[in-house]
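See structure below.
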Amino acid sequence: MKKSVSIRQTYPRLTVYEEENFRGRSRIYRGNLGIRNTESILDDIESLRFFSTSSNATLVVFTRTNFRGNFRVYRGTTNLRDLDDLIGGADVNSLISSNSYLTLAQIRQIRDSGNLPSGYRYI
């Protein structure tokens, strides 16, 4: 009798690296989440890979901690080789990884409140 094996994949998948160009130590995070301070992960995140099977998946990077400051939005699979000076000459200091489409109004509400919607976890 054959045993069946099931594999459960959770998207999006966010891989963060401690060095530019996807080098150095890395960590993988899955599901909808927000990283409040990139400096608290791996002594700072310098590059990342964001993968989802959905073209509506949303990656939002912010210039300040706790989802504050200026931001840039990416849709679908995204690879960022260098997070330094990425947003108008400022570094990325927090981010949101979502498998669903986040509107600009939703992102501004997160920025204004500093709180993620229900169903998201904080790192």
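Each chain of the structure tokens is named A, B, ... in the order shown, its residues numbered from 1; ligands are numbered from 1 in display order.
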Inset, instruction - Could you give me, as a ChimeraX atom specification, the residues within 7 Å of stretch 17-25 of chain A, counting only C-alpha atoms and dropping anything in the same chain fewer than 4 positions from it? - result: /A:42-48,81-82
Please produce an output containing N, CA, C and O atoms for each residue in the selection, written as a PDB file, in the first residue's frame.
```
ATOM      1  N   LEU A  42      18.875  39.489  11.217  1.00  0.00           N
ATOM      2  CA  LEU A  42      20.207  39.216  10.644  1.00  0.00           C
ATOM      3  C   LEU A  42      21.148  40.421  10.738  1.00  0.00           C
ATOM      4  O   LEU A  42      21.951  40.653   9.843  1.00  0.00           O
ATOM      5  N   ASP A  43      21.057  41.218  11.751  1.00  0.00           N
ATOM      6  CA  ASP A  43      21.867  42.438  11.882  1.00  0.00           C
ATOM      7  C   ASP A  43      21.602  43.423  10.763  1.00  0.00           C
ATOM      8  O   ASP A  43      22.430  44.263  10.468  1.00  0.00           O
ATOM      9  N   ASP A  44      20.509  43.316  10.082  1.00  0.00           N
ATOM     10  CA  ASP A  44      19.993  44.200   9.038  1.00  0.00           C
ATOM     11  C   ASP A  44      19.808  43.404   7.748  1.00  0.00           C
ATOM     12  O   ASP A  44      20.632  42.568   7.383  1.00  0.00           O
ATOM     13  N   ILE A  45      18.731  43.679   7.084  1.00  0.00           N
ATOM     14  CA  ILE A  45      18.437  43.050   5.796  1.00  0.00           C
ATOM     15  C   ILE A  45      19.006  43.949   4.703  1.00  0.00           C
ATOM     16  O   ILE A  45      18.726  45.135   4.666  1.00  0.00           O
ATOM     17  N   GLU A  46      19.802  43.369   3.819  1.00  0.00           N
ATOM     18  CA  GLU A  46      20.417  44.150   2.740  1.00  0.00           C
ATOM     19  C   GLU A  46      19.872  43.804   1.359  1.00  0.00           C
ATOM     20  O   GLU A  46      20.021  44.590   0.427  1.00  0.00           O
ATOM     21  N   SER A  47      19.251  42.618   1.198  1.00  0.00           N
ATOM     22  CA  SER A  47      18.626  42.243  -0.070  1.00  0.00           C
ATOM     23  C   SER A  47      17.519  41.239   0.236  1.00  0.00           C
ATOM     24  O   SER A  47      17.471  40.656   1.325  1.00  0.00           O
ATOM     25  N   LEU A  48      16.611  41.035  -0.748  1.00  0.00           N
ATOM     26  CA  LEU A  48      15.505  40.102  -0.510  1.00  0.00           C
ATOM     27  C   LEU A  48      14.948  39.550  -1.802  1.00  0.00           C
ATOM     28  O   LEU A  48      15.116  40.133  -2.872  1.00  0.00           O
ATOM     29  N   ARG A  81      18.112  43.503  -5.044  1.00  0.00           N
ATOM     30  CA  ARG A  81      19.518  43.204  -4.784  1.00  0.00           C
ATOM     31  C   ARG A  81      20.146  44.077  -3.717  1.00  0.00           C
ATOM     32  O   ARG A  81      21.114  43.692  -3.081  1.00  0.00           O
ATOM     33  N   ASP A  82      19.613  45.301  -3.538  1.00  0.00           N
ATOM     34  CA  ASP A  82      20.226  46.238  -2.596  1.00  0.00           C
ATOM     35  C   ASP A  82      19.143  47.142  -2.018  1.00  0.00           C
ATOM     36  O   ASP A  82      18.497  47.878  -2.755  1.00  0.00           O
TER      37      ASP A  82
END
```
Dump as a Markdown table the rows for residues of stretch 57-83 of chain A within 8 Å of stretch 87-103 of chain A: closest atom pair and distance in Å with one decimal, only C-alpha atoms counted, ordered by chain and rising residue number.
```
| residue | atom | partner | partner_atom | distance |
| --- | --- | --- | --- | --- |
| A:Ala57 | CA | A:Asn99 | CA | 4.2 |
| A:Thr58 | CA | A:Ser98 | CA | 5.1 |
| A:Leu59 | CA | A:Ser97 | CA | 4.8 |
| A:Val60 | CA | A:Ile96 | CA | 5.1 |
| A:Val61 | CA | A:Leu95 | CA | 4.3 |
| A:Phe62 | CA | A:Ser94 | CA | 5.3 |
| A:Thr63 | CA | A:Val92 | CA | 4.9 |
| A:Arg64 | CA | A:Asn93 | CA | 5.0 |
| A:Thr65 | CA | A:Ser94 | CA | 5.0 |
| A:Asn66 | CA | A:Ser94 | CA | 6.2 |
| A:Phe67 | CA | A:Ser94 | CA | 5.6 |
| A:Arg68 | CA | A:Ser94 | CA | 7.9 |
| A:Asn70 | CA | A:Ile87 | CA | 7.3 |
| A:Phe71 | CA | A:Ile87 | CA | 6.9 |
| A:Arg72 | CA | A:Ile87 | CA | 6.8 |
| A:Arg75 | CA | A:Tyr101 | CA | 7.9 |
| A:Leu83 | CA | A:Val92 | CA | 5.7 |
```
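The coordinates place atom CA of A:Asn56 at 17.7 Å from atom CA of A:Leu80.
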Inset, instruction - Please provide as a list in words all residues within 9 Å of A:Arg121, with the sequence filter that same-chain residues fewer than 4 positions apart are discarded (counting only C-alpha atoms). - result: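 Within the cut-off, the hits are Gly31, Asn32, Leu33, Gly34, Ile35 and Leu116 of chain A.
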Inset, instruction - Could you please determine the separation between atom CA of A:Ser55 and atom CA of A:Val73 in Å, to one decimal place? - result: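 Straight-line distance from atom CA of A:Ser55 to atom CA of A:Val73 works out to 13.0 Å.
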Inset, instruction - Kindly indicate which residue among A:Ile107, A:Lys3, A:Phe51, A:Tyr120 lies nearest to A:Gly76, using only C-alpha atoms for the distances. - result: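 Closest candidate: A:Phe51.
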